$ cat coords.csv   # CSV, C-alpha atoms
chain,number,residue,atom,x,y,z
W,1,LYS,CA,0.0,0.0,0.0
W,2,ALA,CA,1.6,3.3,-1.1
W,3,GLY,CA,2.2,5.9,1.6
W,4,VAL,CA,1.5,9.6,1.5
W,5,THR,CA,3.2,11.2,-1.4
W,6,GLN,CA,4.3,14.8,-1.5
W,7,THR,CA,5.7,16.7,-4.5
W,8,PRO,CA,8.0,18.4,-5.1
W,9,ARG,CA,10.4,17.3,-2.3
W,10,TYR,CA,12.6,20.3,-2.7
W,11,LEU,CA,12.1,23.7,-4.3
W,12,ILE,CA,13.7,27.1,-4.4
W,13,LYS,CA,11.7,30.3,-5.0
W,14,THR,CA,12.3,34.0,-4.8
W,15,ARG,CA,10.4,36.5,-2.8
W,16,GLY,CA,7.1,37.5,-4.4
W,17,GLN,CA,6.7,34.3,-6.4
W,18,GLN,CA,4.0,31.8,-5.6
W,19,VAL,CA,4.3,28.0,-5.0
W,20,THR,CA,1.9,25.0,-5.2
W,21,LEU,CA,2.6,21.9,-3.3
W,22,SER,CA,0.8,18.6,-3.8
W,23,CYS,CA,-0.2,15.8,-1.5
W,24,SER,CA,-1.6,12.4,-2.4
W,25,PRO,CA,-3.1,10.6,0.6
W,26,ILE,CA,-3.1,6.9,1.3
W,27,SER,CA,-5.7,5.1,-0.8
W,28,GLY,CA,-9.1,5.2,1.0
W,29,HIS,CA,-8.1,8.1,3.3
W,30,ARG,CA,-10.4,11.1,2.9
W,31,SER,CA,-8.9,13.5,5.4
W,32,VAL,CA,-5.8,15.5,4.5
W,33,SER,CA,-4.1,18.0,6.8
W,34,TRP,CA,-1.2,20.4,6.2
W,35,TYR,CA,1.5,21.6,8.5
W,36,GLN,CA,4.4,24.0,8.4
W,37,GLN,CA,7.7,23.3,10.3
W,38,THR,CA,10.3,25.9,10.9
W,39,PRO,CA,13.2,26.0,13.3
W,40,GLY,CA,11.8,29.0,15.1
W,41,GLN,CA,8.1,28.1,15.4
W,42,GLY,CA,8.2,24.3,15.2
W,43,LEU,CA,5.3,22.4,13.8
W,44,GLN,CA,2.1,24.5,13.1
W,45,PHE,CA,-1.3,23.4,11.7
W,46,LEU,CA,-2.2,25.0,8.4
W,47,PHE,CA,-5.5,23.4,7.2
W,48,GLU,CA,-7.6,20.3,7.3
W,49,TYR,CA,-9.6,19.0,4.3
W,50,PHE,CA,-12.3,16.4,4.1
W,51,SER,CA,-14.6,15.7,1.2
W,52,GLU,CA,-13.3,18.6,-0.8
W,53,THR,CA,-14.1,21.0,2.0
W,54,GLN,CA,-11.8,22.9,4.3
W,55,ARG,CA,-12.9,21.9,7.8
W,56,ASN,CA,-10.4,23.8,9.9
W,57,LYS,CA,-7.7,26.5,9.3
W,58,GLY,CA,-4.7,27.5,11.4
W,59,ASN,CA,-3.6,31.0,12.1
W,60,PHE,CA,-1.9,31.8,8.9
W,61,PRO,CA,-2.4,34.8,6.5
W,62,GLY,CA,-4.6,34.6,3.5
W,63,ARG,CA,-1.6,34.1,1.3
W,64,PHE,CA,-1.8,30.4,2.4
W,65,SER,CA,-4.6,28.6,0.7
W,66,GLY,CA,-5.5,25.0,-0.3
W,67,ARG,CA,-8.0,22.7,-1.9
W,68,GLN,CA,-8.9,19.1,-2.1
W,69,PHE,CA,-10.0,17.2,-5.1
W,70,SER,CA,-12.7,14.5,-5.5
W,71,ASN,CA,-9.9,11.8,-5.4
W,72,SER,CA,-8.8,13.2,-2.0
W,73,ARG,CA,-5.6,14.6,-3.4
W,74,SER,CA,-4.8,18.0,-2.0
W,75,GLU,CA,-2.8,21.0,-3.0
W,76,MET,CA,-1.7,24.0,-1.0
W,77,ASN,CA,-0.7,27.3,-2.5
W,78,VAL,CA,1.4,30.1,-1.0
W,79,SER,CA,1.3,33.4,-2.9
W,80,THR,CA,3.6,36.4,-2.7
W,81,LEU,CA,6.3,34.4,-1.0
W,82,GLU,CA,8.2,35.9,1.9
W,83,LEU,CA,11.6,34.9,3.3
W,84,GLY,CA,9.8,33.6,6.4
W,85,ASP,CA,7.8,31.1,4.4
W,86,SER,CA,11.0,29.0,4.1
W,87,ALA,CA,10.0,25.8,5.8
W,88,LEU,CA,9.3,22.1,5.6
W,89,TYR,CA,5.6,21.7,4.6
W,90,LEU,CA,4.2,18.4,5.7
W,91,CYS,CA,0.9,16.8,4.9
W,92,ALA,CA,-0.8,13.9,6.7
W,93,SER,CA,-3.7,11.7,5.8
W,94,SER,CA,-6.2,9.8,7.9
W,95,LEU,CA,-9.4,7.9,7.5
W,96,GLY,CA,-12.0,10.1,9.2
W,97,LEU,CA,-12.7,13.6,10.3
W,98,GLY,CA,-12.8,15.5,13.6
W,99,ALA,CA,-14.1,13.6,16.6
W,100,ALA,CA,-14.7,10.6,14.4
W,101,ASN,CA,-11.1,10.7,13.4
W,102,THR,CA,-9.9,8.0,15.7
W,103,GLY,CA,-7.4,6.7,13.1
W,104,GLU,CA,-3.7,7.1,13.0
W,105,LEU,CA,-2.1,9.9,11.1
W,106,PHE,CA,0.3,9.1,8.2
W,107,PHE,CA,2.7,11.8,7.2
W,108,GLY,CA,4.4,12.4,3.9
W,109,GLU,CA,8.1,13.1,3.6
W,110,GLY,CA,7.5,16.8,3.2
W,111,SER,CA,8.3,19.5,0.7
W,112,ARG,CA,11.2,21.7,1.7
W,113,LEU,CA,10.7,25.2,0.4
W,114,THR,CA,13.5,27.7,0.4
W,115,VAL,CA,12.6,31.4,-0.4
W,116,LEU,CA,15.5,33.6,-1.5
L,1,LYS,CA,2.5,29.7,28.0
L,2,ASN,CA,2.3,27.2,25.2
L,3,GLU,CA,-0.8,25.0,25.0
L,4,VAL,CA,1.4,21.9,24.8
L,5,GLU,CA,4.6,21.7,26.9
L,6,GLN,CA,7.1,18.9,26.6
L,7,SER,CA,10.0,18.0,28.8
L,8,PRO,CA,12.9,17.6,28.7
L,9,GLN,CA,13.9,19.5,25.5
L,10,ASN,CA,17.0,17.5,25.1
L,11,LEU,CA,17.9,14.1,26.5
L,12,THR,CA,21.0,12.1,26.3
L,13,ALA,CA,21.0,8.4,27.4
L,14,GLN,CA,23.3,5.4,27.4
L,15,GLU,CA,22.1,2.4,25.5
L,16,GLY,CA,19.9,0.2,27.6
L,17,GLU,CA,18.6,3.0,29.8
L,18,PHE,CA,14.9,3.6,30.5
L,19,ILE,CA,13.7,6.9,29.1
L,20,THR,CA,10.7,9.0,29.9
L,21,ILE,CA,9.4,12.1,27.9
L,22,ASN,CA,6.6,14.1,29.4
L,23,CYS,CA,3.8,16.2,27.8
L,24,SER,CA,1.4,18.5,29.5
L,25,TYR,CA,-1.4,20.3,27.8
L,26,SER,CA,-3.9,23.0,28.7
L,27,VAL,CA,-6.7,22.6,26.2
L,28,GLY,CA,-9.5,20.2,25.8
L,29,ILE,CA,-8.5,17.4,23.5
L,30,SER,CA,-10.1,14.4,21.7
L,31,ALA,CA,-6.8,12.6,21.3
L,32,LEU,CA,-3.1,12.9,21.9
L,33,HIS,CA,-0.4,11.7,19.4
L,34,TRP,CA,3.2,10.8,20.0
L,35,LEU,CA,5.3,11.3,16.9
L,36,GLN,CA,8.9,10.5,16.0
L,37,GLN,CA,10.9,12.6,13.5
L,38,HIS,CA,14.3,11.5,12.2
L,39,PRO,CA,16.9,13.8,10.6
L,40,GLY,CA,15.7,14.6,7.1
L,41,GLY,CA,12.2,15.4,8.2
L,42,GLY,CA,10.0,12.2,7.9
L,43,ILE,CA,7.5,11.9,10.7
L,44,VAL,CA,6.1,8.6,12.0
L,45,SER,CA,3.1,8.4,14.3
L,46,LEU,CA,4.0,6.2,17.2
L,47,PHE,CA,0.8,6.3,19.3
L,48,MET,CA,-2.7,7.9,19.3
L,49,LEU,CA,-4.3,7.9,22.8
L,50,SER,CA,-7.6,9.1,24.1
L,51,SER,CA,-7.3,7.3,27.5
L,52,GLY,CA,-5.2,4.8,29.4
L,53,LYS,CA,-2.1,3.2,28.1
L,54,LYS,CA,-0.7,1.7,24.9
L,55,LYS,CA,2.3,-0.5,24.3
L,56,HIS,CA,4.2,-1.2,21.1
L,57,GLY,CA,7.4,-3.2,21.4
L,58,ARG,CA,9.7,-1.2,23.7
L,59,LEU,CA,7.6,1.9,23.6
L,60,ILE,CA,4.8,2.6,26.1
L,61,ALA,CA,2.5,5.7,26.1
L,62,THR,CA,0.2,6.7,28.9
L,63,ILE,CA,-2.3,9.5,29.3
L,64,ASN,CA,-4.1,11.0,32.3
L,65,ILE,CA,-7.0,13.0,31.0
L,66,GLN,CA,-7.9,14.5,34.4
L,67,GLU,CA,-4.3,15.8,34.9
L,68,LYS,CA,-3.9,16.7,31.2
L,69,HIS,CA,-0.6,14.8,31.1
L,70,SER,CA,1.0,12.1,28.9
L,71,SER,CA,4.2,10.2,29.1
L,72,LEU,CA,6.2,8.3,26.5
L,73,HIS,CA,8.5,5.6,27.8
L,74,ILE,CA,11.2,3.8,26.0
L,75,THR,CA,12.6,0.6,27.6
L,76,ALA,CA,16.0,-0.8,26.8
L,77,SER,CA,16.9,2.3,24.7
L,78,HIS,CA,19.0,1.8,21.6
L,79,PRO,CA,21.0,4.2,19.4
L,80,ARG,CA,18.4,3.7,16.6
L,81,ASP,CA,15.9,5.4,19.0
L,82,SER,CA,17.8,8.7,18.6
L,83,ALA,CA,15.3,11.1,17.1
L,84,VAL,CA,13.0,14.0,17.9
L,85,TYR,CA,9.9,12.9,19.8
L,86,ILE,CA,6.9,15.2,19.4
L,87,CYS,CA,3.7,15.4,21.4
L,88,ALA,CA,0.6,16.7,19.6
L,89,VAL,CA,-2.9,17.2,20.9
L,90,ARG,CA,-6.0,16.9,18.7
L,91,SER,CA,-8.8,19.3,19.4
L,92,HIS,CA,-12.2,19.1,17.7
L,93,SER,CA,-14.3,21.9,16.3
L,94,TRP,CA,-18.0,21.1,16.7
L,95,GLU,CA,-18.9,24.0,14.3
L,96,THR,CA,-17.0,22.6,11.4
L,97,SER,CA,-16.6,18.9,12.4
L,98,GLY,CA,-12.9,19.5,11.7
L,99,SER,CA,-10.0,19.2,14.0
L,100,ARG,CA,-6.5,20.6,14.5
L,101,LEU,CA,-3.3,19.4,16.0
L,102,THR,CA,-1.3,21.6,18.4
L,103,PHE,CA,2.3,20.5,18.8
L,104,GLY,CA,4.8,20.5,21.6
L,105,GLU,CA,8.3,21.8,20.8
L,106,GLY,CA,9.8,18.3,20.7
L,107,THR,CA,12.4,16.4,22.7
L,108,GLN,CA,15.7,15.6,21.0
L,109,LEU,CA,16.8,12.2,22.2
L,110,THR,CA,20.3,10.9,21.7
L,111,VAL,CA,21.1,7.4,22.8
L,112,ASN,CA,24.8,6.6,22.9
L,113,PRO,CA,26.2,3.1,22.4

$ encode --input "coords.csv" --output "structure tokens"
Amino acid sequence: KAGVTQTPRYLIKTRGQQVTLSCSPISGHRSVSWYQQTPGQGLQFLFEYFSETQRNKGNFPGRFSGRQFSNSRSEMNVSTLELGDSALYLCASSLGLGAANTGELFFGEGSRLTVL
Amino acid sequence: KNEVEQSPQNLTAQEGEFITINCSYSVGISALHWLQQHPGGGIVSLFMLSSGKKKHGRLIATINIQEKHSSLHITASHPRDSAVYICAVRSHSWETSGSRLTFGEGTQLTVNP
């Protein structure tokens, strides 16, 4: 059974550009969540998606957005990149949603974004 | 004060030692996760707890909901256990049916042979 796949694994952008990251969950998993990890702030929750709907959002500016497709694959987009957006972006998939989400989380390897 | 506090931040042990990492939280939760992160970034979920105790091999995780506290124990530690261990609490939004994870800062564990 394939794990969570994130693409691209590494990318370099310059300030002001935008970036789109992709996450393919484990087959059958319908919930996808996104996280940002930086040395200064640690791991922080970005979004949670289920059935193509954003169910929860973390405290990030509107430059951070995402979506989920009917096959549960998810993308996140960061527009007008800033130096502080340099981070490891992780996604995780699980079976269910919210309080019903009693399943384990499975993380991808992450996309490492460097903003110059 | 962070909603999720872990201790210690750094821990060095000799192979074979018994290790305990603690996690305290201040918010209502539906579950607590213990995660392991190796250099390079990949994160593995070790346990998900909503009550009591779970055991997997040499790893044991406990949670006390009343005291808002969880511990991760590693028995007979081995150098391959060297990693960052992260506590994360899941809180549920009844309005959206969604949930979110709030993470502790992590514990860097180094086990020397």

$ residues_around --input "coords.csv" --residues "region 14-23 of chain L" --least-positions-apart "6" --cutoff "10 Å" --atoms "only C-alpha atoms" --output "VMD selection string"
chain L and resid 4 to 8 32 34 58 to 63 68 to 81 85 to 89 104 106 to 113

$ atom_distance --input "coords.csv" --atom1 "CA of Lys13 (chain W)" --atom2 "CA of Phe45 (chain W)"
22.3 Å

$ atom_distance --input "coords.csv" --atom1 "CA of Ser91 (chain L)" --atom2 "CA of Phe47 (chain W)"
13.3 Å

$ interface_residues --input "coords.csv" --of "chain L" --to "chain W" --cutoff "10 Å" --atoms "only C-alpha atoms" --output "compact mmCIF listing (two decimals) with C-alpha atoms, keeping the file's coordinate frame"
# COMPACT_ATOMS: atom_id res chain seq x y z
CA ILE L 29 -8.50 17.40 23.50
CA SER L 30 -10.10 14.40 21.70
CA ALA L 31 -6.80 12.60 21.30
CA HIS L 33 -0.40 11.70 19.40
CA LEU L 35 5.30 11.30 16.90
CA GLY L 40 15.70 14.60 7.10
CA GLY L 41 12.20 15.40 8.20
CA GLY L 42 10.00 12.20 7.90
CA ILE L 43 7.50 11.90 10.70
CA VAL L 44 6.10 8.60 12.00
CA SER L 45 3.10 8.40 14.30
CA LEU L 46 4.00 6.20 17.20
CA PHE L 47 0.80 6.30 19.30
CA MET L 48 -2.70 7.90 19.30
CA LEU L 49 -4.30 7.90 22.80
CA SER L 50 -7.60 9.10 24.10
CA ILE L 86 6.90 15.20 19.40
CA ALA L 88 0.60 16.70 19.60
CA ARG L 90 -6.00 16.90 18.70
CA SER L 91 -8.80 19.30 19.40
CA HIS L 92 -12.20 19.10 17.70
CA SER L 93 -14.30 21.90 16.30
CA TRP L 94 -18.00 21.10 16.70
CA GLU L 95 -18.90 24.00 14.30
CA THR L 96 -17.00 22.60 11.40
CA SER L 97 -16.60 18.90 12.40
CA GLY L 98 -12.90 19.50 11.70
CA SER L 99 -10.00 19.20 14.00
CA ARG L 100 -6.50 20.60 14.50
CA LEU L 101 -3.30 19.40 16.00
CA THR L 102 -1.30 21.60 18.40
CA PHE L 103 2.30 20.50 18.80
CA GLY L 104 4.80 20.50 21.60
CA GLU L 105 8.30 21.80 20.80
CA GLY L 106 9.80 18.30 20.70

$ atom_distance --input "coords.csv" --atom1 "CA of Ser51 (chain W)" --atom2 "CA of Gly28 (chain W)"
11.9 Å

$ residues_around --input "coords.csv" --residues "region 72-75 of chain W" --least-positions-apart "3" --cutoff "9 Å" --atoms "only C-alpha atoms" --output "mmCIF file with C-alpha atoms, keeping the file's coordinate frame"
data_model
loop_
_atom_site.group_PDB
_atom_site.id
_atom_site.type_symbol
_atom_site.label_atom_id
_atom_site.label_comp_id
_atom_site.auth_asym_id
_atom_site.auth_seq_id
_atom_site.Cartn_x
_atom_site.Cartn_y
_atom_site.Cartn_z
ATOM 1 C CA THR W 20 1.900 25.000 -5.200
ATOM 2 C CA LEU W 21 2.600 21.900 -3.300
ATOM 3 C CA SER W 22 0.800 18.600 -3.800
ATOM 4 C CA CYS W 23 -0.200 15.800 -1.500
ATOM 5 C CA SER W 24 -1.600 12.400 -2.400
ATOM 6 C CA PRO W 25 -3.100 10.600 0.600
ATOM 7 C CA SER W 27 -5.700 5.100 -0.800
ATOM 8 C CA GLY W 28 -9.100 5.200 1.000
ATOM 9 C CA HIS W 29 -8.100 8.100 3.300
ATOM 10 C CA ARG W 30 -10.400 11.100 2.900
ATOM 11 C CA SER W 31 -8.900 13.500 5.400
ATOM 12 C CA VAL W 32 -5.800 15.500 4.500
ATOM 13 C CA SER W 33 -4.100 18.000 6.800
ATOM 14 C CA TYR W 49 -9.600 19.000 4.300
ATOM 15 C CA PHE W 50 -12.300 16.400 4.100
ATOM 16 C CA SER W 51 -14.600 15.700 1.200
ATOM 17 C CA GLU W 52 -13.300 18.600 -0.800
ATOM 18 C CA SER W 65 -4.600 28.600 0.700
ATOM 19 C CA GLY W 66 -5.500 25.000 -0.300
ATOM 20 C CA ARG W 67 -8.000 22.700 -1.900
ATOM 21 C CA GLN W 68 -8.900 19.100 -2.100
ATOM 22 C CA PHE W 69 -10.000 17.200 -5.100
#

$ residues_near_point --input "coords.csv" --point "(7.9, 36.9, -3.9)" --cutoff "7 Å" --atoms "all atoms listed in the file" --output "PyMOL selection string"
chain W and resi 14-18+80-82

$ closest_residue --input "coords.csv" --among "W:Leu116, W:Ser79, W:Asn71, W:Gln36" --to "Asn59 (chain W)" --atoms "all atoms listed in the file"
W:Gln36

$ residues_near_point --input "coords.csv" --point "(-0.3, 27.9, 25.7)" --cutoff "9 Å" --atoms "only C-alpha atoms" --output "list in words"
Lys1, Asn2, Glu3, Val4, Glu5, Tyr25, Ser26 and Val27 of chain L
